[in-house]
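**Q** The structure follows.
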Amino acid sequence: MQLSLEDYPRYGRQMILDGFGLTGQLKLQSSSVAVVGAGGLGCPALQYLAAAGIGRIGIIDHDVVEVSNLQRQILHDESKVGMAKAESAARALRRINSKLTIDAICDALTPENAVELLSPYDTILDCTDNAPTRYLLSDTAVFLGKPLVSGAAQKFEGQLCTYNLGTVGPCYRCLFPTPPARELVGTCEETGVLGAVTGVIGNMQALEAIKIILGLHDQRPSLLLFSALGSPPFRSIKLRSRKTTCPACGDSKQKVGDIKEIDYVQFCGGPAPDWEGRGLLVSDPNHRISVKDFSEALQANREDIEIIDVRSPTEFGICSLPGSINVPLNELTANPHAYVAKGETFVVCRLGNDSQIAASSLRDAKKGRIRDVIGGLRAWTQHVDPAFPIY
């Protein structure tokens with residue numbers, strides 16, 4: 001394989017680095033990387049892998065571009081809303097580097113197709129945001145004997161780890177043999193994330209992949225922790241070597257078995273909670289009220305009604321119903337007697353879940369009618385006031 005004449009000035013700034021050279025650029029040109037997830041982590045990783053000259057890049061993502069993605073998923077833009085993320089990212093990469101081979105795979109990664117989809121690539125990047133896929137990717141990487149560069153980001157923090165690295169590197173199951181409880185794992189929509197944090201971690205994933213391809217990685221397993229508000233922002237934790245008892249990569253006789261036969265969703269505690277759907281359920285009609293009936297009650301008798309908003313102060317500052325008071329859920333449930341009102345009380349939250357917990361605590365502490373609003377403020381926007389912000 002040779003480097004074309006026009007690629008010398010293109011890649012010259014990295015080729016002149018000690019330990020890189022023409023040989024290094026040819027290694028990148030002949031290498032292949034699969035990026036699973038074209039979101040907040042995948043977009044910056046893909047951008048720098050393409051710019052560096054990785055010869056073949058696979059993009060695996062079954063989701064479509066939404067407006068809420070644009071704050072951090074930098075390969076997508078307003079014109080791509082509704083387009084498959086894999087195709088949107090592929091088009092952006094081709095504008096960066098038209099010589100690359102880009103495989104846009106708009107299918108969900110499953111136990112049935114993981115080995116087939118990932119086997120053509122030398123290195124795998126985990127840019128996803130859910131536990132079942134992380135375990136699936138780790139098991140597949142072990143089966144295929146490929147390094148897995150995994151990233152995660154939430155709120156102001158992120159982390160980076162390369163699994164199945166060399167002959168001693170642990171896999172994801174080595175570090176996390178038991179998945180966390182499903183309801184304790186929040187998404188970016190639920191907890192928030194600073195877009196630049198995903199950029200930092202995604203760029204680091206691309207860097208790790210490039211180091212592995214070039215043979216510049218020290219092969220020492222470690223976990224890199226990043227905090228945008230920390231000082232210093234980076235902290236590295238040395239990891240133990242591969243566990244001999246690990247059911248995936250160790251010498252244990254209790255192996256995980258055929259990947260195609262594993263139900264990763266059930267292993268991780270079942271499907272992710274549908275918080276919006278739960279917020280719409282009505283177990284006791286005497287304790288919950290629809291947003292339309294709530295609106296009518298406000299118009300008929302506003303002076304005798306108290307509205308308690310149990311979202312965080314930050315969310316309350318984004319938008320709130322006129323006349324409502326903010327009492328965060330943890331404060332209210334810790335001392336519900338402090339918020340006993342004389343008149344009728346309505347409790348609201350974002351989706352109608354926390355409000356149920358708060359209303360129940362208030363009912364235990366006082367007499368009178370206490371109800372919470374079905375579907376929360378999102379339902380208020382959808383059915384009562386379209387001008388009320390959704391975030």
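Note on naming: chains are A, B, ... as they come in the structure tokens, residues start from 1 per chain, ligands start from 1 in the order shown.
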Write out as a ChimeraX atom specification the residues lying within 9 Å of Ala341 (chain A), counting only C-alpha atoms and excluding same-chain residues fewer than 3 positions away.
**A** /A:306,338,344-345,366,368
**Q** Apply DSSP to the structure's backbone, then extract all residues of region 227-388 of chain A labelled strand (DSSP E or B) and return them as a PDB file with N, CA and C atoms, in the first residue's frame.
**A**
ATOM      1  N   SER A 227     -13.635  15.223  35.021  1.00  0.00           N
ATOM      2  CA  SER A 227     -14.649  16.094  35.615  1.00  0.00           C
ATOM      3  C   SER A 227     -14.414  17.502  35.113  1.00  0.00           C
ATOM      4  N   PHE A 234      -8.575  15.661  35.111  1.00  0.00           N
ATOM      5  CA  PHE A 234      -8.348  14.254  34.762  1.00  0.00           C
ATOM      6  C   PHE A 234      -7.740  13.496  35.938  1.00  0.00           C
ATOM      7  N   ARG A 235      -8.185  12.240  36.070  1.00  0.00           N
ATOM      8  CA  ARG A 235      -7.624  11.350  37.077  1.00  0.00           C
ATOM      9  C   ARG A 235      -7.577   9.943  36.487  1.00  0.00           C
ATOM     10  N   SER A 236      -6.446   9.281  36.601  1.00  0.00           N
ATOM     11  CA  SER A 236      -6.286   7.949  36.033  1.00  0.00           C
ATOM     12  C   SER A 236      -6.172   6.909  37.143  1.00  0.00           C
ATOM     13  N   ILE A 237      -6.922   5.820  36.998  1.00  0.00           N
ATOM     14  CA  ILE A 237      -6.915   4.735  37.971  1.00  0.00           C
ATOM     15  C   ILE A 237      -6.347   3.481  37.311  1.00  0.00           C
ATOM     16  N   LYS A 238      -5.307   2.930  37.898  1.00  0.00           N
ATOM     17  CA  LYS A 238      -4.720   1.702  37.369  1.00  0.00           C
ATOM     18  C   LYS A 238      -5.662   0.534  37.633  1.00  0.00           C
ATOM     19  N   ARG A 288     -55.196  11.555  41.181  1.00  0.00           N
ATOM     20  CA  ARG A 288     -54.540  12.165  40.026  1.00  0.00           C
ATOM     21  C   ARG A 288     -55.564  12.956  39.210  1.00  0.00           C
ATOM     22  N   ILE A 289     -55.065  13.969  38.505  1.00  0.00           N
ATOM     23  CA  ILE A 289     -55.946  14.827  37.710  1.00  0.00           C
ATOM     24  C   ILE A 289     -55.306  15.079  36.356  1.00  0.00           C
ATOM     25  N   ILE A 305     -56.133  27.443  45.602  1.00  0.00           N
ATOM     26  CA  ILE A 305     -55.333  26.321  45.114  1.00  0.00           C
ATOM     27  C   ILE A 305     -53.848  26.613  45.313  1.00  0.00           C
ATOM     28  N   GLU A 306     -53.144  25.620  45.811  1.00  0.00           N
ATOM     29  CA  GLU A 306     -51.688  25.705  45.917  1.00  0.00           C
ATOM     30  C   GLU A 306     -51.058  24.722  44.935  1.00  0.00           C
ATOM     31  N   ILE A 307     -50.068  25.194  44.160  1.00  0.00           N
ATOM     32  CA  ILE A 307     -49.351  24.351  43.201  1.00  0.00           C
ATOM     33  C   ILE A 307     -47.930  24.165  43.715  1.00  0.00           C
ATOM     34  N   ILE A 308     -47.568  22.913  43.950  1.00  0.00           N
ATOM     35  CA  ILE A 308     -46.209  22.590  44.393  1.00  0.00           C
ATOM     36  C   ILE A 308     -45.478  21.891  43.254  1.00  0.00           C
ATOM     37  N   ASP A 309     -44.386  22.488  42.828  1.00  0.00           N
ATOM     38  CA  ASP A 309     -43.542  21.940  41.759  1.00  0.00           C
ATOM     39  C   ASP A 309     -42.348  21.265  42.411  1.00  0.00           C
ATOM     40  N   ILE A 325     -45.025  27.062  43.639  1.00  0.00           N
ATOM     41  CA  ILE A 325     -43.865  27.151  44.514  1.00  0.00           C
ATOM     42  C   ILE A 325     -42.991  25.934  44.289  1.00  0.00           C
ATOM     43  N   ASN A 326     -41.707  26.126  44.463  1.00  0.00           N
ATOM     44  CA  ASN A 326     -40.761  25.045  44.199  1.00  0.00           C
ATOM     45  C   ASN A 326     -40.322  24.395  45.512  1.00  0.00           C
ATOM     46  N   GLU A 344     -56.871  23.397  48.477  1.00  0.00           N
ATOM     47  CA  GLU A 344     -56.590  22.233  47.647  1.00  0.00           C
ATOM     48  C   GLU A 344     -55.172  22.331  47.092  1.00  0.00           C
ATOM     49  N   THR A 345     -54.479  21.204  47.066  1.00  0.00           N
ATOM     50  CA  THR A 345     -53.085  21.185  46.632  1.00  0.00           C
ATOM     51  C   THR A 345     -52.925  20.308  45.398  1.00  0.00           C
ATOM     52  N   PHE A 346     -52.206  20.855  44.419  1.00  0.00           N
ATOM     53  CA  PHE A 346     -51.850  20.098  43.229  1.00  0.00           C
ATOM     54  C   PHE A 346     -50.332  20.026  43.149  1.00  0.00           C
ATOM     55  N   VAL A 347     -49.828  18.846  42.813  1.00  0.00           N
ATOM     56  CA  VAL A 347     -48.384  18.640  42.718  1.00  0.00           C
ATOM     57  C   VAL A 347     -48.011  18.368  41.268  1.00  0.00           C
ATOM     58  N   VAL A 348     -46.974  19.048  40.783  1.00  0.00           N
ATOM     59  CA  VAL A 348     -46.535  18.863  39.402  1.00  0.00           C
ATOM     60  C   VAL A 348     -45.046  18.541  39.371  1.00  0.00           C
ATOM     61  N   ILE A 370     -55.462  16.333  47.942  1.00  0.00           N
ATOM     62  CA  ILE A 370     -54.137  16.502  47.338  1.00  0.00           C
ATOM     63  C   ILE A 370     -54.068  15.606  46.111  1.00  0.00           C
ATOM     64  N   ARG A 371     -53.824  16.210  44.986  1.00  0.00           N
ATOM     65  CA  ARG A 371     -53.723  15.442  43.742  1.00  0.00           C
ATOM     66  C   ARG A 371     -52.489  15.868  42.965  1.00  0.00           C
ATOM     67  N   ASP A 372     -51.993  14.957  42.150  1.00  0.00           N
ATOM     68  CA  ASP A 372     -50.875  15.330  41.280  1.00  0.00           C
ATOM     69  C   ASP A 372     -51.332  15.281  39.830  1.00  0.00           C
ATOM     70  N   VAL A 373     -50.595  15.957  38.979  1.00  0.00           N
ATOM     71  CA  VAL A 373     -51.003  16.168  37.589  1.00  0.00           C
ATOM     72  C   VAL A 373     -50.464  15.064  36.697  1.00  0.00           C
TER      73      VAL A 373
END
**Q** Tell me, which residues of region 252-285 of chain A carry DSSP alpha helix (DSSP H), written as a list in words?
**A**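 So the alpha helix (DSSP H) residues in region 252-285 of chain A would be Tyr264, Val265, Gln266, Phe267, Trp275, Glu276, Gly277 and Arg278 of chain A.
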**Q** Pull C-alpha atoms from the residues just selected and write them as a short mmCIF file (atom, residue, chain, number, x, y, z; two decimals), in the first residue's frame.
**A**
data_model
loop_
_atom_site.label_atom_id
_atom_site.label_comp_id
_atom_site.auth_asym_id
_atom_site.auth_seq_id
_atom_site.Cartn_x
_atom_site.Cartn_y
_atom_site.Cartn_z
CA TYR A 264 -28.65 -8.82 27.64
CA VAL A 265 -31.68 -6.68 28.41
CA GLN A 266 -32.95 -9.13 31.02
CA PHE A 267 -29.43 -9.60 32.38
CA TRP A 275 -40.87 7.33 32.57
CA GLU A 276 -43.20 9.28 30.28
CA GLY A 277 -45.56 6.30 30.04
CA ARG A 278 -45.45 5.73 33.80
#
**Q** For region 82-96 of chain A, list every protein, DNA or RNA residue within 6 Å, evaluated using only C-alpha atoms, and leave out those in the same chain fewer than 2 positions away; present the list as a PyMOL selection string.
**A** chain A and resi 59+61+63-65+75+80+98+104+106
**Q** Skip Val142 (chain A) itself and residues of its chain fewer than 5 positions away, then list as number ranges by chain all residues within 10 Å of it, counting only C-alpha atoms.
**A** A: 137, 147-148, 163-165, 170-172, 248-250
**Q** Could you build a table of the residues in region 217-274 of chain A lying no more than 12 Å from region 203-206 of chain A, giving for each the nearest pair of atoms and their separation in Å rounded to one decimal place, using only C-alpha atoms, ordered by chain and ascending residue number, as CSV?
**A**
residue,atom,partner,partner_atom,distance
A:Leu224,CA,A:Met204,CA,9.7
A:Leu225,CA,A:Met204,CA,11.4
A:Phe226,CA,A:Met204,CA,10.7
A:Phe234,CA,A:Met204,CA,11.7
**Q** Please provide the set of residues having any atom within 8 Å of Leu41 (chain A), restricted to only C-alpha atoms, with same-chain residues fewer than 2 positions apart removed, written as a list in words.
**A**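 Using only C-alpha atoms, the neighbours found are Gly37, Ala38, Gly39, Cys43, Pro44, Ala45, Gln73, Cys127, Thr128, Gly151, Ala152, Ala153, Thr198, Gly199, Ile201, Gly202 and Asn203 of chain A.
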**Q** Would you output that residue set with N, CA and C atoms, as a short mmCIF file (atom, residue, chain, number, x, y, z; two decimals), in the first residue's frame?
**A**
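Below you can see part-v2.cif, which holds the result:
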data_model
loop_
_atom_site.label_atom_id
_atom_site.label_comp_id
_atom_site.auth_asym_id
_atom_site.auth_seq_id
_atom_site.Cartn_x
_atom_site.Cartn_y
_atom_site.Cartn_z
N GLY A 37 -22.65 3.74 17.81
CA GLY A 37 -23.28 4.93 18.38
C GLY A 37 -22.76 6.18 17.72
N ALA A 38 -23.64 6.89 16.99
CA ALA A 38 -23.24 8.14 16.33
C ALA A 38 -23.88 9.32 17.04
N GLY A 39 -23.72 9.32 18.38
CA GLY A 39 -24.30 10.37 19.21
C GLY A 39 -23.24 11.30 19.76
N CYS A 43 -19.87 11.09 17.55
CA CYS A 43 -19.62 12.15 16.56
C CYS A 43 -18.21 12.72 16.63
N PRO A 44 -17.72 13.16 17.79
CA PRO A 44 -16.34 13.65 17.82
C PRO A 44 -15.31 12.57 17.54
N ALA A 45 -15.59 11.34 18.00
CA ALA A 45 -14.66 10.24 17.71
C ALA A 45 -14.57 10.01 16.22
N GLN A 73 -24.08 16.51 19.47
CA GLN A 73 -23.76 15.54 18.42
C GLN A 73 -23.37 16.30 17.16
N CYS A 127 -19.58 3.77 21.89
CA CYS A 127 -20.05 5.14 22.09
C CYS A 127 -21.54 5.14 22.41
N THR A 128 -21.98 4.10 23.11
CA THR A 128 -23.38 3.96 23.45
C THR A 128 -23.64 4.50 24.85
N GLY A 151 -16.38 4.65 26.12
CA GLY A 151 -16.52 5.97 26.72
C GLY A 151 -17.89 6.15 27.34
N ALA A 152 -17.99 7.07 28.28
CA ALA A 152 -19.27 7.39 28.91
C ALA A 152 -19.22 8.84 29.36
N ALA A 153 -20.37 9.50 29.32
CA ALA A 153 -20.45 10.90 29.74
C ALA A 153 -21.83 11.19 30.29
N THR A 198 -18.97 15.39 26.33
CA THR A 198 -18.99 14.28 25.38
C THR A 198 -17.91 14.48 24.31
N GLY A 199 -17.63 15.72 23.98
CA GLY A 199 -16.57 15.99 23.01
C GLY A 199 -15.20 15.57 23.53
N ILE A 201 -14.50 13.25 25.84
CA ILE A 201 -14.39 11.79 25.91
C ILE A 201 -14.35 11.17 24.52
N GLY A 202 -15.19 11.66 23.61
CA GLY A 202 -15.19 11.13 22.24
C GLY A 202 -13.84 11.33 21.55
N ASN A 203 -13.24 12.50 21.74
CA ASN A 203 -11.91 12.74 21.17
C ASN A 203 -10.87 11.80 21.77
#
**Q** Considering only C-alpha atoms, return as a JSON list (two decimals) with C-alpha atoms, in the first residue's frame whatever protein or nucleic-acid residues lie within 12 Å of Gly192 (chain A), sequence-local ones (same chain, fewer than 6 positions apart) excluded.
**A**
[["chain", "number", "residue", "atom", "x", "y", "z"],
["A", 68, "SER", "CA", -32.28, 17.64, 21.17],
["A", 69, "ASN", "CA", -29.18, 15.90, 19.74],
["A", 71, "GLN", "CA", -26.38, 20.45, 21.41],
["A", 72, "ARG", "CA", -23.61, 17.83, 21.48],
["A", 153, "ALA", "CA", -20.45, 10.90, 29.74],
["A", 154, "GLN", "CA", -23.12, 12.34, 32.00],
["A", 155, "LYS", "CA", -23.70, 15.73, 33.58],
["A", 156, "PHE", "CA", -20.21, 17.32, 33.93],
["A", 157, "GLU", "CA", -18.31, 14.04, 34.07],
["A", 186, "GLY", "CA", -30.14, 7.65, 34.23],
["A", 198, "THR", "CA", -18.99, 14.28, 25.38],
["A", 314, "THR", "CA", -32.47, 24.47, 38.29],
["A", 315, "GLU", "CA", -35.35, 22.98, 36.30],
["A", 391, "TYR", "CA", -36.78, 20.66, 27.53]]
**Q** Which residue out of A:Leu46, A:Ala51, A:Val115, A:Met15 has the minimum interatomic distance to Asp258 (chain A) when only C-alpha atoms are used?
**A** A:Val115
**Q** If we count only C-alpha atoms, what is near region 24-33 of chain A at a cut-off of 9 Å, once residues fewer than 3 positions away on the same chain are taken out, given as a PyMOL selection string?
**A** chain A and resi 1-3+11+14-15+19-21+49+52-59+100+120-125+209-210+213-215
**Q** Of the candidates A:Val81, A:Val168, A:Tyr48, A:Val256, which one gets nearest to Ser138 (chain A) if we count only C-alpha atoms?
**A**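 That would be A:Val256, the residue with the smallest distance to Ser138 (chain A).
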**Q** How many Å lie between CA of Asp263 (chain A) and CA of Asn113 (chain A), rounded to one decimal?
**A**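 Interatomic distance here is 13.4 Å.
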**Q** Which one is closest to Ala141 (chain A): A:Ala34, A:Val67, A:Pro179, A:Cys188? Count only C-alpha atoms.
**A**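 Result for the nearest residue to Ala141 (chain A): A:Ala34.
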**Q** Taking into account only C-alpha atoms, which residue in the set A:Phe176, A:Tyr339, A:Phe294, A:Phe316 is nearest to His383 (chain A)?
**A**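 Among A:Phe176, A:Tyr339, A:Phe294, A:Phe316, it is A:Phe294 that comes nearest to His383 (chain A).
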